[in-house]
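Colleague: This is the content of run_29.csv (CSV, C-alpha atoms):
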chain,number,residue,atom,x,y,z
A,1,MET,CA,4.9,18.5,48.9
A,2,VAL,CA,3.5,16.3,46.1
A,3,VAL,CA,1.7,19.3,44.6
A,4,ILE,CA,5.0,21.3,44.5
A,5,LEU,CA,6.7,18.3,42.9
A,6,LYS,CA,4.0,18.1,40.1
A,7,ILE,CA,4.4,21.9,39.5
A,8,ILE,CA,8.1,21.6,39.3
A,9,LEU,CA,7.8,18.6,36.8
A,10,ALA,CA,5.5,20.7,34.6
A,11,ILE,CA,7.9,23.7,34.7
A,12,LEU,CA,10.8,21.5,33.8
A,13,ILE,CA,9.0,20.0,30.9
A,14,PHE,CA,7.8,23.4,29.6
A,15,SER,CA,11.3,25.0,30.1
A,16,PHE,CA,13.1,22.2,28.4
A,17,ILE,CA,10.9,22.3,25.3
A,18,ILE,CA,11.0,26.1,25.1
A,19,ILE,CA,14.8,26.3,25.6
A,20,PHE,CA,15.2,23.7,22.8
A,21,HIS,CA,13.0,25.8,20.5
A,22,GLU,CA,15.1,29.0,21.2
A,23,LEU,CA,18.3,27.0,20.9
A,24,GLY,CA,17.3,26.3,17.3
A,25,HIS,CA,17.0,30.1,16.6
A,26,PHE,CA,20.3,30.7,18.5
A,27,LEU,CA,22.4,28.1,16.7
A,28,PHE,CA,21.1,29.1,13.2
A,29,ALA,CA,21.8,32.7,14.1
A,30,LYS,CA,25.4,31.8,15.0
A,31,LYS,CA,25.7,29.7,11.8
A,32,CYS,CA,24.6,32.8,9.8
A,33,ASP,CA,26.9,35.1,11.8
A,34,VAL,CA,24.1,37.1,13.4
A,35,LYS,CA,24.8,38.7,16.8
A,36,VAL,CA,22.5,37.4,19.6
A,37,ASN,CA,22.0,40.1,22.2
A,38,GLU,CA,19.9,38.1,24.7
A,39,PHE,CA,18.9,34.5,25.2
A,40,THR,CA,16.0,34.2,27.6
A,41,LEU,CA,14.0,31.6,29.3
A,42,GLY,CA,10.6,32.7,30.6
A,43,LEU,CA,8.5,35.9,30.6
A,44,GLY,CA,8.2,38.9,32.9
A,45,PRO,CA,10.7,40.3,35.4
A,46,THR,CA,14.3,39.0,35.2
A,47,LEU,CA,15.3,36.7,38.1
A,48,VAL,CA,18.8,35.9,37.1
A,49,SER,CA,21.1,37.1,34.3
A,50,TRP,CA,24.7,36.7,33.4
A,51,GLY,CA,26.9,37.6,30.4
A,52,LYS,CA,29.1,35.4,28.3
A,53,GLY,CA,30.7,37.0,25.3
A,54,GLU,CA,28.4,39.2,23.4
A,55,THR,CA,25.2,37.5,24.6
A,56,LYS,CA,23.3,38.2,27.9
A,57,TYR,CA,21.5,35.1,29.3
A,58,CYS,CA,18.4,35.6,31.4
A,59,ILE,CA,15.9,33.5,33.5
A,60,LYS,CA,12.6,35.3,34.0
A,61,ALA,CA,9.8,34.9,36.5
A,62,LEU,CA,7.2,33.1,34.4
A,63,PRO,CA,8.5,29.8,32.8
A,64,PHE,CA,6.0,30.0,29.9
A,65,GLY,CA,8.0,31.4,27.1
A,66,GLY,CA,11.5,32.4,26.0
A,67,SER,CA,13.3,34.5,23.4
A,68,CYS,CA,16.4,34.7,21.3
A,69,VAL,CA,16.9,38.5,20.8
A,70,MET,CA,19.0,39.2,17.8
A,71,GLU,CA,20.6,42.4,16.6
A,72,GLY,CA,18.4,44.1,14.0
A,73,GLU,CA,15.5,41.7,14.4
A,74,ASP,CA,12.8,44.2,15.5
A,75,GLU,CA,14.7,47.4,14.9
A,76,GLU,CA,17.0,49.0,12.3
A,77,SER,CA,20.7,48.3,12.7
A,78,ASP,CA,23.7,49.2,10.6
A,79,SER,CA,25.8,46.3,11.9
A,80,ASP,CA,26.9,43.8,9.3
A,81,ARG,CA,25.9,41.1,11.8
A,82,ALA,CA,22.3,42.3,12.1
A,83,PHE,CA,19.4,40.0,11.3
A,84,ASN,CA,18.0,42.5,8.9
A,85,LYS,CA,21.2,42.7,6.9
A,86,LYS,CA,21.2,39.0,6.1
A,87,SER,CA,19.9,37.3,3.0
A,88,LYS,CA,16.4,36.0,2.7
A,89,TRP,CA,17.7,32.4,2.9
A,90,GLU,CA,19.7,33.1,6.0
A,91,ARG,CA,16.8,34.8,7.7
A,92,PHE,CA,14.5,31.9,6.7
A,93,GLN,CA,16.9,29.4,8.3
A,94,ILE,CA,17.1,31.4,11.5
A,95,VAL,CA,13.3,31.7,11.8
A,96,PHE,CA,12.6,28.2,10.8
A,97,GLY,CA,15.3,26.9,13.2
A,98,GLY,CA,13.0,27.1,16.3
A,99,PRO,CA,10.2,24.9,15.0
A,100,PHE,CA,12.7,22.6,13.3
A,101,PHE,CA,14.4,22.0,16.6
A,102,ASN,CA,11.0,21.2,18.2
A,103,PHE,CA,10.5,18.5,15.6
A,104,ILE,CA,14.0,17.2,16.3
A,105,LEU,CA,13.3,17.1,20.0
A,106,ALA,CA,10.0,15.3,19.4
A,107,TYR,CA,11.8,12.7,17.4
A,108,ILE,CA,14.6,12.2,19.9
A,109,LEU,CA,12.0,11.8,22.7
A,110,SER,CA,10.0,9.4,20.5
A,111,VAL,CA,13.1,7.2,20.0
A,112,ILE,CA,13.5,7.0,23.8
A,113,PHE,CA,9.8,6.4,24.3
A,114,ILE,CA,9.6,3.6,21.7
A,115,ALA,CA,12.9,2.0,22.9
A,116,LEU,CA,11.6,1.9,26.5
A,117,SER,CA,7.9,1.1,26.1
A,118,GLY,CA,7.7,-0.8,22.8
A,119,VAL,CA,4.8,-0.6,20.4
A,120,ASN,CA,1.1,-1.3,20.7
A,121,ASP,CA,0.4,-2.1,17.1
A,122,THR,CA,-2.9,-2.1,15.1
A,123,THR,CA,-3.6,-5.9,15.3
A,124,ILE,CA,-7.0,-6.0,16.9
A,125,THR,CA,-7.9,-8.5,19.7
A,126,ASP,CA,-11.7,-8.3,19.6
A,127,VAL,CA,-14.6,-7.2,17.4
A,128,ILE,CA,-17.8,-6.2,19.0
A,129,PRO,CA,-20.9,-8.0,17.6
A,130,GLY,CA,-23.5,-5.8,15.9
A,131,TYR,CA,-21.1,-3.0,15.1
A,132,ALA,CA,-19.7,-1.8,11.8
A,133,ALA,CA,-16.4,-3.7,11.8
A,134,ALA,CA,-18.1,-7.1,12.5
A,135,GLU,CA,-20.7,-6.4,9.8
A,136,ALA,CA,-17.9,-5.6,7.3
A,137,GLY,CA,-16.3,-8.9,8.0
A,138,ILE,CA,-13.3,-7.7,10.0
A,139,GLU,CA,-12.1,-10.3,12.6
A,140,ALA,CA,-10.0,-10.5,15.7
A,141,GLY,CA,-6.3,-10.9,14.6
A,142,ASP,CA,-6.7,-8.6,11.6
A,143,LYS,CA,-4.2,-5.7,11.4
A,144,ILE,CA,-5.6,-2.3,10.5
A,145,ILE,CA,-3.4,-0.6,7.8
A,146,SER,CA,-5.3,2.6,7.0
A,147,LEU,CA,-8.4,4.6,7.7
A,148,ASP,CA,-9.7,6.8,4.8
A,149,GLY,CA,-6.2,6.7,3.3
A,150,TYR,CA,-4.4,7.7,6.6
A,151,ASN,CA,-1.9,5.0,7.4
A,152,VAL,CA,-1.9,3.9,11.0
A,153,HIS,CA,0.9,2.2,13.0
A,154,PHE,CA,-0.3,2.4,16.6
A,155,TYR,CA,-3.7,1.5,18.1
A,156,ASN,CA,-3.9,5.0,19.6
A,157,GLU,CA,-4.0,6.4,16.0
A,158,ILE,CA,-7.2,4.4,15.4
A,159,SER,CA,-8.8,5.7,18.5
A,160,ILE,CA,-7.9,9.3,17.9
A,161,PHE,CA,-8.9,9.1,14.2
A,162,THR,CA,-12.4,7.9,15.0
A,163,PHE,CA,-12.6,10.7,17.7
A,164,LEU,CA,-11.5,13.4,15.4
A,165,HIS,CA,-13.8,12.2,12.6
A,166,ALA,CA,-16.8,11.5,14.8
A,167,ASP,CA,-19.1,13.1,12.2
A,168,ALA,CA,-17.9,10.8,9.3
A,169,GLU,CA,-20.8,9.0,7.7
A,170,SER,CA,-18.5,6.1,6.8
A,171,ILE,CA,-14.8,5.2,7.0
A,172,ASP,CA,-12.8,3.2,4.3
A,173,VAL,CA,-10.7,0.6,6.2
A,174,VAL,CA,-7.8,-1.3,4.7
A,175,TYR,CA,-6.8,-4.3,6.9
A,176,GLU,CA,-4.4,-7.3,6.6
A,177,ARG,CA,-5.2,-10.9,7.2
A,178,ASP,CA,-2.7,-13.8,6.7
A,179,GLY,CA,-0.5,-11.6,4.6
A,180,GLN,CA,-3.3,-10.5,2.3
A,181,ARG,CA,-4.8,-7.0,2.3
A,182,TYR,CA,-8.6,-6.3,2.1
A,183,SER,CA,-10.7,-3.2,2.1
A,184,ALA,CA,-14.1,-2.5,3.6
A,185,THR,CA,-16.3,0.5,4.2
A,186,VAL,CA,-17.7,0.8,7.8
A,187,VAL,CA,-20.4,3.0,9.1
A,188,PRO,CA,-19.7,4.0,12.8
A,189,LYS,CA,-22.6,3.4,15.2
A,190,PHE,CA,-23.4,5.6,18.3
A,191,ASP,CA,-22.6,3.9,21.6
A,192,GLU,CA,-24.7,5.2,24.5
A,193,GLU,CA,-22.1,4.1,27.1
A,194,THR,CA,-19.2,6.1,25.7
A,195,GLY,CA,-21.3,8.8,24.0
A,196,ARG,CA,-19.3,8.3,20.8
A,197,ARG,CA,-19.8,6.8,17.4
A,198,LEU,CA,-17.7,3.6,17.2
A,199,ILE,CA,-16.6,1.2,14.5
A,200,GLY,CA,-16.6,-1.7,17.1
A,201,ILE,CA,-13.0,-2.9,17.4
A,202,GLN,CA,-10.9,-3.4,20.6
A,203,LYS,CA,-7.2,-3.9,21.4
A,204,ALA,CA,-5.6,-5.0,24.6
A,205,ASN,CA,-2.7,-3.0,25.9
A,206,GLU,CA,0.0,-5.2,24.5
A,207,TYR,CA,3.2,-3.3,24.1
A,208,LYS,CA,5.9,-5.3,22.2
A,209,LYS,CA,9.6,-4.4,21.8
A,210,VAL,CA,10.8,-3.7,18.3
A,211,SER,CA,14.2,-4.0,16.7
A,212,PRO,CA,16.7,-1.1,16.9
A,213,ILE,CA,15.8,-0.2,13.3
A,214,GLY,CA,12.2,-0.5,14.2
A,215,VAL,CA,12.7,2.0,17.1
A,216,PHE,CA,13.9,4.7,14.7
A,217,GLN,CA,11.1,3.9,12.2
A,218,TYR,CA,8.3,3.9,14.8
A,219,ALA,CA,9.7,7.1,16.4
A,220,ALA,CA,9.1,8.8,13.0
A,221,TYR,CA,5.5,7.3,13.0
A,222,GLU,CA,5.0,8.6,16.6
A,223,MET,CA,6.1,12.2,15.6
A,224,LYS,CA,3.9,12.0,12.5
A,225,TYR,CA,1.0,11.0,14.7
A,226,GLN,CA,1.5,13.9,17.1
A,227,ILE,CA,1.8,16.4,14.2
A,228,TYR,CA,-1.4,15.0,12.6
A,229,VAL,CA,-3.3,15.3,15.9
A,230,THR,CA,-2.2,19.0,16.2
A,231,ILE,CA,-3.0,19.9,12.6
A,232,THR,CA,-6.4,18.2,12.7
A,233,SER,CA,-7.3,19.8,16.0
A,234,LEU,CA,-6.5,23.2,14.6
A,235,LYS,CA,-8.6,22.5,11.5
A,236,MET,CA,-11.5,21.6,13.8
A,237,LEU,CA,-11.0,24.7,15.8
A,238,PHE,CA,-11.1,27.0,12.7
A,239,THR,CA,-14.1,25.2,11.3
A,240,GLY,CA,-16.1,25.4,14.6
A,241,GLN,CA,-16.0,21.7,15.4
A,242,LEU,CA,-14.0,22.6,18.5
A,243,SER,CA,-14.5,25.7,20.6
A,244,VAL,CA,-11.8,27.9,22.3
A,245,ASP,CA,-13.2,26.6,25.6
A,246,GLN,CA,-11.8,23.1,24.7
A,247,VAL,CA,-8.3,24.5,24.1
A,248,SER,CA,-5.8,24.2,26.9
A,249,GLY,CA,-3.1,26.7,27.8
A,250,PRO,CA,-0.2,26.4,30.3
A,251,VAL,CA,-2.5,26.1,33.3
A,252,GLY,CA,-4.5,23.3,31.5
A,253,VAL,CA,-1.3,21.5,30.6
A,254,VAL,CA,0.0,21.7,34.2
A,255,SER,CA,-3.3,20.2,35.3
A,256,THR,CA,-3.0,17.4,32.7
A,257,ILE,CA,0.6,16.7,33.8
A,258,SER,CA,-0.7,16.5,37.4
A,259,ASP,CA,-3.5,14.1,36.4
A,260,VAL,CA,-1.0,11.9,34.5
A,261,TYR,CA,1.3,11.9,37.5
A,262,ASP,CA,-1.5,10.8,39.8
A,263,GLN,CA,-2.6,8.0,37.5
A,264,SER,CA,1.0,6.7,36.9
A,265,VAL,CA,2.6,7.0,40.3
A,266,THR,CA,0.9,3.9,41.7
A,267,SER,CA,2.5,1.9,39.0
A,268,GLY,CA,6.0,3.2,39.8
A,269,ALA,CA,8.5,5.8,38.7
A,270,PHE,CA,9.1,4.1,35.3
A,271,TYR,CA,5.4,4.6,34.3
A,272,VAL,CA,5.5,8.2,35.5
A,273,PHE,CA,8.6,8.9,33.3
A,274,ILE,CA,7.1,7.1,30.2
A,275,ASN,CA,3.7,9.0,30.5
A,276,LEU,CA,5.4,12.4,31.1
A,277,LEU,CA,7.7,11.6,28.1
A,278,SER,CA,4.6,11.0,26.0
A,279,ILE,CA,3.3,14.5,27.0
A,280,ALA,CA,6.6,16.1,26.2
A,281,ILE,CA,6.6,14.6,22.7
A,282,LEU,CA,3.1,16.0,22.1
A,283,LEU,CA,4.0,19.4,23.5
A,284,SER,CA,7.2,19.7,21.4
A,285,ALA,CA,5.5,18.7,18.2
A,286,ASN,CA,2.6,21.0,19.1
A,287,LEU,CA,4.9,23.9,19.6
A,288,GLY,CA,6.6,23.2,16.3
A,289,VAL,CA,3.3,23.2,14.4
A,290,MET,CA,1.8,26.2,16.2
A,291,ASN,CA,4.9,28.3,15.6
A,292,LEU,CA,4.6,27.6,11.9
A,293,LEU,CA,1.1,29.0,11.6
A,294,PRO,CA,1.1,32.0,9.3
A,295,PHE,CA,0.2,34.5,12.0
A,296,PRO,CA,2.0,37.7,12.9
A,297,ALA,CA,4.5,37.5,15.7
A,298,LEU,CA,4.8,33.7,15.2
A,299,ASP,CA,7.7,32.1,13.3
A,300,GLY,CA,5.3,31.2,10.6
A,301,GLY,CA,4.2,34.8,10.2
A,302,ARG,CA,7.8,35.9,9.8
A,303,ILE,CA,8.4,33.2,7.2
A,304,VAL,CA,5.4,34.6,5.3
A,305,LEU,CA,6.9,38.1,5.3
A,306,ILE,CA,10.2,36.7,4.0
A,307,ILE,CA,8.4,34.9,1.2
A,308,PHE,CA,6.4,38.1,0.5
A,309,GLU,CA,9.6,40.0,0.3
A,310,ALA,CA,11.1,37.5,-2.1
A,311,ILE,CA,8.0,37.7,-4.4
A,312,ARG,CA,7.8,41.5,-4.1
A,313,GLY,CA,11.5,42.0,-4.7
A,314,LYS,CA,12.1,44.4,-1.8
A,315,LYS,CA,11.8,44.6,1.9
A,316,MET,CA,8.7,45.8,3.7
A,317,LYS,CA,9.2,49.0,5.7
A,318,PRO,CA,10.4,48.1,9.2
A,319,GLU,CA,7.7,50.2,10.9
A,320,ILE,CA,5.0,48.4,9.0
A,321,GLU,CA,6.5,44.9,9.7
A,322,ASN,CA,7.0,45.8,13.4
A,323,GLY,CA,3.4,47.1,13.5
A,324,ILE,CA,2.1,43.8,12.1
A,325,ASN,CA,4.1,41.8,14.6
A,326,LEU,CA,3.0,44.1,17.5
A,327,VAL,CA,-0.7,43.6,16.6
A,328,GLY,CA,-0.1,39.8,16.2
A,329,PHE,CA,1.6,39.7,19.6
A,330,ALA,CA,-1.2,41.6,21.3
A,331,LEU,CA,-3.8,39.2,19.8
A,332,LEU,CA,-1.8,36.2,20.9
A,333,MET,CA,-1.6,37.6,24.5
A,334,LEU,CA,-5.4,38.2,24.4
A,335,LEU,CA,-5.9,34.6,23.3
A,336,MET,CA,-3.6,33.3,26.0
A,337,ILE,CA,-5.5,35.3,28.6
A,338,ILE,CA,-8.8,33.8,27.4
A,339,VAL,CA,-7.4,30.3,27.3
A,340,MET,CA,-5.8,30.7,30.8
A,341,TYR,CA,-9.1,32.0,32.2
A,342,ASN,CA,-11.0,29.0,30.8
A,343,ASP,CA,-8.3,26.7,32.3
A,344,ILE,CA,-8.8,28.2,35.7
A,345,ILE,CA,-12.6,28.0,35.5
A,346,LYS,CA,-12.3,24.3,34.6
A,347,LEU,CA,-10.0,23.7,37.6
A,348,MET,CA,-12.5,25.6,39.9
Step by step, read the file and then write its structure as structure tokens.

Modeller:
Amino acid sequence: MVVILKIILAILIFSFIIIFHELGHFLFAKKCDVKVNEFTLGLGPTLVSWGKGETKYCIKALPFGGSCVMEGEDEESDSDRAFNKKSKWERFQIVFGGPFFNFILAYILSVIFIALSGVNDTTITDVIPGYAAAEAGIEAGDKIISLDGYNVHFYNEISIFTFLHADAESIDVVYERDGQRYSATVVPKFDEETGRRLIGIQKANEYKKVSPIGVFQYAAYEMKYQIYVTITSLKMLFTGQLSVDQVSGPVGVVSTISDVYDQSVTSGAFYVFINLLSIAILLSANLGVMNLLPFPALDGGRIVLIIFEAIRGKKMKPEIENGINLVGFALLMLLMIIVMYNDIIKLM
């Protein structure tokens, strides 16, 4: 019964984020007077469908996707309300609307998260003797402001920064003490216990409530942090610092949600909700960034084609554009199969 509950929670989180993404496309299509033929949640065979007005709404068997099928989007249409008849600016708005709504959702969820949990800021509580921070003169009570020019606002940002820059020879640290700012260059040292290179600072889990204005401010920082993690991880993937084996797909995310549930449930429903909310923020920001990649079949690929059309001064032939998107979609499906296979192997 608990396993079923965890799967349902994962499906609900996935579905909510995907439907919000497609809602962005849908609302911008309506704004630009484009006919939406079908609005779908999921992939595969249709389980339930119903019609309202000119749009058919569907729920499909696999809850790992969705679509907003517009008139004239992937085929020629003579309708004045077809996607392909609209201006470049209108088509850009419609395509960008999906990722844009993911960022809006990530921000809204971040507001709720910060309002309920508070903030664990970058004021350090302990410095480990013999490590770089201590040698650089950093002390307990100092507040870390930036690492190599990247401004940090949560202690998690410091942890993830050192993890993502594990090969860095040195890190330039700006910190604050008694209202004054200082800078230091630290050289991370390898720690055998953790298997990582550390700068030697620690922070207790001290979440403090912030003012209503602070909630909205820190929510923006939270979203920025999640986008930064996604972009940096992608960069590491393309440069070979991460392998495809380390990438998680839907199965891996379900497994992660299951683990988070197990770790949180002993502390009560509130902690389950807060930790799942944190995952939803990451997934929504992640989906927004991933869809903006300039790859065929993704929103970013479509935006590139619109920009190419603007530079070229005329549209690409529909059969060529559809062929590019078809190849891109096939490659994405292949990548999804590989990632899903790796996720299943990890579970086994």

Colleague: Please list as an mmCIF file with C-alpha atoms, in the coordinates of the input every residue within 12 Å of A:Phe113, counting only C-alpha atoms and excluding residues in the same chain fewer than 3 positions away.

Modeller:
data_model
loop_
_atom_site.group_PDB
_atom_site.id
_atom_site.type_symbol
_atom_site.label_atom_id
_atom_site.label_comp_id
_atom_site.auth_asym_id
_atom_site.auth_seq_id
_atom_site.Cartn_x
_atom_site.Cartn_y
_atom_site.Cartn_z
ATOM 1 C CA ALA A 106 10.000 15.300 19.400
ATOM 2 C CA TYR A 107 11.800 12.700 17.400
ATOM 3 C CA ILE A 108 14.600 12.200 19.900
ATOM 4 C CA LEU A 109 12.000 11.800 22.700
ATOM 5 C CA SER A 110 10.000 9.400 20.500
ATOM 6 C CA LEU A 116 11.600 1.900 26.500
ATOM 7 C CA SER A 117 7.900 1.100 26.100
ATOM 8 C CA GLY A 118 7.700 -0.800 22.800
ATOM 9 C CA VAL A 119 4.800 -0.600 20.400
ATOM 10 C CA TYR A 207 3.200 -3.300 24.100
ATOM 11 C CA LYS A 209 9.600 -4.400 21.800
ATOM 12 C CA VAL A 210 10.800 -3.700 18.300
ATOM 13 C CA VAL A 215 12.700 2.000 17.100
ATOM 14 C CA PHE A 216 13.900 4.700 14.700
ATOM 15 C CA TYR A 218 8.300 3.900 14.800
ATOM 16 C CA ALA A 219 9.700 7.100 16.400
ATOM 17 C CA ALA A 220 9.100 8.800 13.000
ATOM 18 C CA GLU A 222 5.000 8.600 16.600
ATOM 19 C CA MET A 223 6.100 12.200 15.600
ATOM 20 C CA PHE A 270 9.100 4.100 35.300
ATOM 21 C CA TYR A 271 5.400 4.600 34.300
ATOM 22 C CA PHE A 273 8.600 8.900 33.300
ATOM 23 C CA ILE A 274 7.100 7.100 30.200
ATOM 24 C CA ASN A 275 3.700 9.000 30.500
ATOM 25 C CA LEU A 276 5.400 12.400 31.100
ATOM 26 C CA LEU A 277 7.700 11.600 28.100
ATOM 27 C CA SER A 278 4.600 11.000 26.000
ATOM 28 C CA ILE A 279 3.300 14.500 27.000
ATOM 29 C CA ALA A 280 6.600 16.100 26.200
ATOM 30 C CA ILE A 281 6.600 14.600 22.700
ATOM 31 C CA LEU A 282 3.100 16.000 22.100
#

Colleague: Please indicate the distance in Å from atom CA of A:Thr256 to atom CA of A:Val272, rounded to one decimal place.

Modeller: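 According to the coordinates, atom CA of A:Thr256 and atom CA of A:Val272 are separated by 12.8 Å.
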
Colleague: Using all atoms listed in the file, which residue out of A:Phe308, A:Phe39, A:Phe28, A:Tyr131 lies closest to A:Lys189?

Modeller: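 That would be A:Tyr131, the residue with the smallest distance to A:Lys189.
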
Colleague: Quick one, how far is atom CA of A:Arg81 from atom CA of A:Asp33?

Modeller: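 Distance between the two atoms: 6.1 Å.
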
Colleague: If you count all atoms listed in the file, which residues fall within 10 Å of A:Ser284, apart from same-chain ones fewer than 2 positions away, as a list in words?

Modeller: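 Using all atoms listed in the file, the neighbours found are Ile13, Phe14, Phe16, Ile17, Ile18, Phe20, His21, Pro99, Phe101, Asn102, Phe103, Ile104, Leu105, Ala106, Tyr107, Leu109, Met223, Gln226, Ile227, Ile279, Ala280, Ile281, Leu282, Asn286, Leu287, Gly288, Val289 and Met290 of chain A.
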
Colleague: How would the residues just chosen look if you wrote them out with C-alpha atoms as an mmCIF file, keeping the file's coordinate frame?

Modeller:
data_model
loop_
_atom_site.group_PDB
_atom_site.id
_atom_site.type_symbol
_atom_site.label_atom_id
_atom_site.label_comp_id
_atom_site.auth_asym_id
_atom_site.auth_seq_id
_atom_site.Cartn_x
_atom_site.Cartn_y
_atom_site.Cartn_z
ATOM 1 C CA ILE A 13 9.000 20.000 30.900
ATOM 2 C CA PHE A 14 7.800 23.400 29.600
ATOM 3 C CA PHE A 16 13.100 22.200 28.400
ATOM 4 C CA ILE A 17 10.900 22.300 25.300
ATOM 5 C CA ILE A 18 11.000 26.100 25.100
ATOM 6 C CA PHE A 20 15.200 23.700 22.800
ATOM 7 C CA HIS A 21 13.000 25.800 20.500
ATOM 8 C CA PRO A 99 10.200 24.900 15.000
ATOM 9 C CA PHE A 101 14.400 22.000 16.600
ATOM 10 C CA ASN A 102 11.000 21.200 18.200
ATOM 11 C CA PHE A 103 10.500 18.500 15.600
ATOM 12 C CA ILE A 104 14.000 17.200 16.300
ATOM 13 C CA LEU A 105 13.300 17.100 20.000
ATOM 14 C CA ALA A 106 10.000 15.300 19.400
ATOM 15 C CA TYR A 107 11.800 12.700 17.400
ATOM 16 C CA LEU A 109 12.000 11.800 22.700
ATOM 17 C CA MET A 223 6.100 12.200 15.600
ATOM 18 C CA GLN A 226 1.500 13.900 17.100
ATOM 19 C CA ILE A 227 1.800 16.400 14.200
ATOM 20 C CA ILE A 279 3.300 14.500 27.000
ATOM 21 C CA ALA A 280 6.600 16.100 26.200
ATOM 22 C CA ILE A 281 6.600 14.600 22.700
ATOM 23 C CA LEU A 282 3.100 16.000 22.100
ATOM 24 C CA ASN A 286 2.600 21.000 19.100
ATOM 25 C CA LEU A 287 4.900 23.900 19.600
ATOM 26 C CA GLY A 288 6.600 23.200 16.300
ATOM 27 C CA VAL A 289 3.300 23.200 14.400
ATOM 28 C CA MET A 290 1.800 26.200 16.200
#

Colleague: If I take atom CA of A:Asp121 and atom CA of A:Phe100, how far is one from the other in Å, to one decimal?

Modeller: 27.9 Å

Colleague: Check the smallest atom-to-atom distance from each of A:Thr40, A:Gln180, A:Asn84, A:Ser233 to A:Ser67 using only C-alpha atoms, then report the winner.

Modeller: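 The answer is A:Thr40, which sits nearest to A:Ser67.
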
Colleague: Go through A:Cys32, A:Ala61, A:Ile160, A:Ile201 and flag the residue nearest A:Ser49, using all atoms listed in the file for the distances.

Modeller: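 The closest residue to A:Ser49 is A:Ala61.
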
Colleague: For A:Ile7, which residue among A:Ser258, A:Ser170, A:Ser159, A:Ser87 is the nearest when counting all atoms listed in the file?

Modeller: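 Of the candidates, the smallest distance to A:Ile7 is held by A:Ser258.
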
Colleague: Would you kindly return, as a list in words, each protein, DNA or RNA residue with an atom no farther than 9 Å from any atom of A:Ala136, considering only C-alpha atoms and excluding same-chain residues fewer than 4 positions away?

Modeller: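 After dropping sequence-adjacent residues, the list is Tyr131, Ala132, Ala184, Thr185 and Val186 of chain A.
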
Colleague: Using all atoms listed in the file, can you tell me which of A:Val174, A:Pro63, A:Gly44, A:Asp126 comes closest to A:Leu12?

Modeller: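 Smallest separation from A:Leu12 among the options: A:Pro63.
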
Colleague: Of the residues A:Ser146, A:Thr266, A:Thr55, A:Thr230, which is the one nearest to A:Leu283, using all atoms listed in the file?

Modeller: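 Closest to A:Leu283 of all the choices is A:Thr230.
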
Colleague: Can stretch 184-193 of chain A be brought up to N, CA, C and O atoms and written out as a PDB file, in the frame of the given file?

Modeller:
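And here's result-v6.pdb as it stands now:
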ATOM      1  N   ALA A 184     -12.689  -2.460   3.266  1.00  0.00           N
ATOM      2  CA  ALA A 184     -14.100  -2.500   3.600  1.00  0.00           C
ATOM      3  C   ALA A 184     -14.520  -1.058   4.009  1.00  0.00           C
ATOM      4  O   ALA A 184     -13.693  -0.244   4.437  1.00  0.00           O
ATOM      5  N   THR A 185     -15.793  -0.772   3.811  1.00  0.00           N
ATOM      6  CA  THR A 185     -16.300   0.500   4.200  1.00  0.00           C
ATOM      7  C   THR A 185     -17.231   0.290   5.438  1.00  0.00           C
ATOM      8  O   THR A 185     -18.166  -0.513   5.376  1.00  0.00           O
ATOM      9  N   VAL A 186     -16.903   0.960   6.539  1.00  0.00           N
ATOM     10  CA  VAL A 186     -17.700   0.800   7.800  1.00  0.00           C
ATOM     11  C   VAL A 186     -18.424   2.035   8.126  1.00  0.00           C
ATOM     12  O   VAL A 186     -17.967   3.154   7.857  1.00  0.00           O
ATOM     13  N   VAL A 187     -19.583   1.863   8.721  1.00  0.00           N
ATOM     14  CA  VAL A 187     -20.400   3.000   9.100  1.00  0.00           C
ATOM     15  C   VAL A 187     -20.476   2.991  10.671  1.00  0.00           C
ATOM     16  O   VAL A 187     -21.114   2.118  11.268  1.00  0.00           O
ATOM     17  N   PRO A 188     -19.779   3.933  11.324  1.00  0.00           N
ATOM     18  CA  PRO A 188     -19.700   4.000  12.800  1.00  0.00           C
ATOM     19  C   PRO A 188     -21.156   4.064  13.400  1.00  0.00           C
ATOM     20  O   PRO A 188     -22.038   4.712  12.840  1.00  0.00           O
ATOM     21  N   LYS A 189     -21.337   3.389  14.551  1.00  0.00           N
ATOM     22  CA  LYS A 189     -22.600   3.400  15.200  1.00  0.00           C
ATOM     23  C   LYS A 189     -22.454   4.121  16.594  1.00  0.00           C
ATOM     24  O   LYS A 189     -21.431   3.970  17.261  1.00  0.00           O
ATOM     25  N   PHE A 190     -23.486   4.854  16.991  1.00  0.00           N
ATOM     26  CA  PHE A 190     -23.400   5.600  18.300  1.00  0.00           C
ATOM     27  C   PHE A 190     -23.524   4.596  19.433  1.00  0.00           C
ATOM     28  O   PHE A 190     -24.359   3.689  19.451  1.00  0.00           O
ATOM     29  N   ASP A 191     -22.618   4.787  20.404  1.00  0.00           N
ATOM     30  CA  ASP A 191     -22.600   3.900  21.600  1.00  0.00           C
ATOM     31  C   ASP A 191     -23.002   4.787  22.801  1.00  0.00           C
ATOM     32  O   ASP A 191     -22.335   5.771  23.136  1.00  0.00           O
ATOM     33  N   GLU A 192     -24.116   4.423  23.429  1.00  0.00           N
ATOM     34  CA  GLU A 192     -24.700   5.200  24.500  1.00  0.00           C
ATOM     35  C   GLU A 192     -23.726   5.243  25.746  1.00  0.00           C
ATOM     36  O   GLU A 192     -23.654   6.234  26.475  1.00  0.00           O
ATOM     37  N   GLU A 193     -23.011   4.153  25.952  1.00  0.00           N
ATOM     38  CA  GLU A 193     -22.100   4.100  27.100  1.00  0.00           C
ATOM     39  C   GLU A 193     -20.980   5.058  27.054  1.00  0.00           C
ATOM     40  O   GLU A 193     -20.629   5.703  28.047  1.00  0.00           O
TER      41      GLU A 193
END
